[in-house]
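*Asks:* Before I ask anything, here is the structure I am working with.
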Amino acid sequence: MKYHEIKDLLRQCHGFATLCEEDLDLMAKCGVNAVFREGQLLAQEGHPADLFYLIRNGKVAIETHVPHRGTVTLQSLGTGEVVGWSWLFPPYLWMFDVRALEDTRVISLDGKCLREKCEANHSLGFRLMKTFMGTLVARVHDARLQVLDVYHSPQGG
Amino acid sequence: MSNGHVLTPVATEVLSVRHELRDTATLSLLPPPGGAPFAPGQFSMLYVMGLGEIPISLSGDPAESGLWIHTIRGVGNVSQALVRAIPGDRIGVRGPFGSAWPLDRARGRDVLVVAGGIGLAPLRPLIYRLAAEPEAYGRITVLYGARTPEDILYFHQLQAWKESARFHVRVTVDSGADDWSGNLGPVTHLISPVDFDPASVVVFTCGPEIMMRFVIRLLLGLGVAGERIFLSMERNMKCAVGFCGHCQYGPHFVCKEGPVFGYDQVAHLLAEKER
């Protein structure tokens with residue numbers, strides 16, 4: 001896949017809507033096309049978070065392993081969504097496993113390279129930080145809503 | 001309204017019972033004699049002899065005038081008795097009551113339906129209407145959230161709508177077992193501006209009040225105007241005609257002015273804490 005096609009895909013991503021052309025250029029240069037087959041891991045808990053992904057097509061699960069319960073899925077992410085923010089925040093380690101729930105095509109982005117560019121250019125760093133904080137805040141809201149267990153049976157008539 | 005006084009239930013027969021979930025059933029009833037056709041969003045008062053009366057949304061196809069269909073989740077004495085009903089049982093019914101989903105406001109525009117839990121039931125008549133003439137609307141998106149895969153209401157119907165070329169249906173659960181390969185996360189996570197034009201979309205939402213608050217907040221953040229968001233409120237309705245005041249919600253009686261409200265009508269009340 002060519003660089004300008006990757007840039008177009010990044011531009012179409014709602015999460016990257018606030019990024020300027022220059023930033024998209026830079027990110028596109030750090031991106032490559034990748035495919036994960038159903039069941040394959042995109043990331044492993046505790047491993048260095050040097051990459052992140054934009055899902056072009058497919059679905060992945062954010063998972064963790066709980067003793068005596070096995071694998072627990074915390075959230076699923078689908079087409080057009082960004083997977084991973086750990087590359088931007090210390091200790092730069094994946095917090096959870098990410099597994100393809102079906103054959104999934106992604107743009108794999110070199111987070112380590114971008115992180116180094118952010119350190120060298122704080123203006124870029126601030127813009128990317130704001131962008132990924134938006135994703136992070138949305139995921140925190142999702143998690144809080146899940147914890148509320150809103151569909152639990154109320155008492156009634 | 002049926003013959004007799006609006007406050008007097010009319011006895012009717014349970015024609016069939018469909019057990020949807022472990023605590024939820026759908027009853028098909030003969031409409032009360034002379035009963036008016038219902039509009040999507042309206043509700044009936046169902047009376048179990050000797051136990052009491054509760055408001056239940058009409059959840060069937062408004063085009064099927066010969067049946068009144070109600071989906072009931074057993075959470076109290078009366079609703080549990082209704083869930084246990086069998087064909088041939090007689091129950092009391094009054095209605096239909098309340099305001100309807102203003103579907104005419106959505107003609108020619110994108111439509112977003114966001115439902116959670118049993119909140120899909122009051123929206124189902126509206127979805128039937130959308131399905132009857134999808135060409136009258138823009139893109140139609142139905143988003144539904146349930147607690148677990150076992151709690152997904154109208155599973156087969158959702159599948160059928162999903163297979164319809166004119167419908168975009170997505171279902172999610174808050175928690176799922178290992179074998180669940182569908183979406184997992186709150187219903188808010190399914191809301192994507194890719195599905196609709198925020199500048200013109202009309203939104204209909206029903207579910208737990210806190211879910212609707214989060215849904216509406218997110219939509220407002222995407223630029224959807226409050227005047228194009230409609231929600232169905234649930235309160236302790238007793239008389240159903242605005243006499244008794246049990247369902248008072250700020251300046252509104254939910255049974256009479258609601259249950260369907262425009263967001264702008266109730267925005268100031270949604271943030272109020274119960275005392």
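A note on labels: chains of the structure tokens are A, B, ... as shown, every chain counts residues from 1, and ligands are counted from 1 in their shown order.
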Compile the residues of chain A that lie within 10 Å of chain B, evaluated using only C-alpha atoms, and express the compilation as a PDB file with C-alpha atoms, in the first residue's frame.
*Replies:*
ATOM      1  CA  GLN A  12     -10.944   9.323   7.122  1.00  0.00           C
ATOM      2  CA  CYS A  13     -10.498   8.169  10.725  1.00  0.00           C
ATOM      3  CA  HIS A  14     -12.835  10.162  12.981  1.00  0.00           C
ATOM      4  CA  LYS A  59     -12.903  -6.563  14.717  1.00  0.00           C
ATOM      5  CA  VAL A  60     -10.551  -7.067  17.656  1.00  0.00           C
ATOM      6  CA  ALA A  61     -11.029  -7.797  21.343  1.00  0.00           C
ATOM      7  CA  ILE A  62      -9.197  -6.135  24.211  1.00  0.00           C
ATOM      8  CA  GLY A  70      -9.674 -17.398  32.174  1.00  0.00           C
ATOM      9  CA  THR A  71      -9.674 -14.861  29.383  1.00  0.00           C
ATOM     10  CA  VAL A  72     -12.015 -11.920  29.891  1.00  0.00           C
ATOM     11  CA  THR A  73     -12.933  -9.597  27.043  1.00  0.00           C
ATOM     12  CA  LEU A  74     -13.165  -5.993  28.163  1.00  0.00           C
ATOM     13  CA  GLN A  75     -14.153  -4.329  24.925  1.00  0.00           C
ATOM     14  CA  SER A  76     -14.285  -4.898  21.203  1.00  0.00           C
ATOM     15  CA  LEU A  77     -13.095  -2.398  18.597  1.00  0.00           C
ATOM     16  CA  GLY A  78     -14.044  -2.351  14.948  1.00  0.00           C
ATOM     17  CA  GLY A  80     -12.304   2.838  11.723  1.00  0.00           C
ATOM     18  CA  ALA A 100      -8.458 -10.492  16.184  1.00  0.00           C
ATOM     19  CA  LEU A 101     -12.054 -11.720  16.511  1.00  0.00           C
ATOM     20  CA  GLU A 102     -12.212 -12.144  12.745  1.00  0.00           C
ATOM     21  CA  ALA A 138     -13.861   7.945  25.343  1.00  0.00           C
ATOM     22  CA  ARG A 139     -12.598   4.526  26.471  1.00  0.00           C
ATOM     23  CA  HIS A 141     -16.300   6.748  29.679  1.00  0.00           C
ATOM     24  CA  ASP A 142     -17.114   3.397  28.066  1.00  0.00           C
ATOM     25  CA  ALA A 143     -15.518   1.509  30.950  1.00  0.00           C
ATOM     26  CA  ARG A 144     -17.412   3.573  33.554  1.00  0.00           C
ATOM     27  CA  LEU A 145     -20.705   2.966  31.800  1.00  0.00           C
ATOM     28  CA  GLN A 146     -19.969  -0.777  31.723  1.00  0.00           C
ATOM     29  CA  VAL A 147     -19.182  -0.756  35.439  1.00  0.00           C
ATOM     30  CA  LEU A 148     -22.532   0.906  36.145  1.00  0.00           C
ATOM     31  CA  ASP A 149     -24.303  -2.219  34.867  1.00  0.00           C
ATOM     32  CA  VAL A 150     -27.171  -0.044  33.643  1.00  0.00           C
ATOM     33  CA  TYR A 151     -29.374  -2.902  32.418  1.00  0.00           C
ATOM     34  CA  HIS A 152     -29.465  -4.686  35.745  1.00  0.00           C
ATOM     35  CA  SER A 153     -33.058  -5.474  36.765  1.00  0.00           C
ATOM     36  CA  PRO A 154     -34.588  -2.663  38.784  1.00  0.00           C
ATOM     37  CA  GLN A 155     -37.332  -3.241  41.312  1.00  0.00           C
ATOM     38  CA  GLY A 156     -40.685  -2.381  39.829  1.00  0.00           C
ATOM     39  CA  GLY A 157     -44.376  -3.066  39.595  1.00  0.00           C
TER      40      GLY A 157
END
*Asks:* Using DSSP assignments from the backbone, pull out every residue in chain A that falls under helix (DSSP H, G or I) and give it to me as a PyMOL selection string.
*Replies:* chain A and resi 3-12+14-16+21-29+86-88+111-120+122-148
*Asks:* Can you check which residues of chain A DSSP gives as strand (DSSP E) on the backbone and send them as a PyMOL selection string?
*Replies:* chain A and resi 31-36+41-43+51-57+59-66+70-78+82-83+97-100+104-110
*Asks:* What does the distance from CA of Glu5 (chain A) to CA of Val169 (chain B) come to in Å, to one decimal?
*Replies:* 28.9 Å
*Asks:* Near Leu126 (chain B), within 12 Å and counting only C-alpha atoms, which residues show up once chain neighbours fewer than 4 positions away are dropped, as a PyMOL selection string?
*Replies:* chain B and resi 38-42+57-63+100-104+106+111-115+120-122+130-134+140+142+203-206
*Asks:* Fewer than 4 positions away in the same chain doesn't count, so skip those; otherwise give me all residues within 9 Å of Pro91 (chain A), counting only C-alpha atoms, as a list in words.
*Replies:* Pro48, Ala49, Ser86 and Trp87 of chain A
*Asks:* Mind dumping the selected residues with C-alpha atoms as a PDB file, in the first residue's frame?
*Replies:*
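Written file, selection-v4.pdb:
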ATOM      1  CA  PRO A  48       6.727  -3.210  24.557  1.00  0.00           C
ATOM      2  CA  ALA A  49       4.107  -0.980  22.955  1.00  0.00           C
ATOM      3  CA  SER A  86       0.379   2.739  25.392  1.00  0.00           C
ATOM      4  CA  TRP A  87       3.056   3.702  22.840  1.00  0.00           C
TER       5      TRP A  87
END
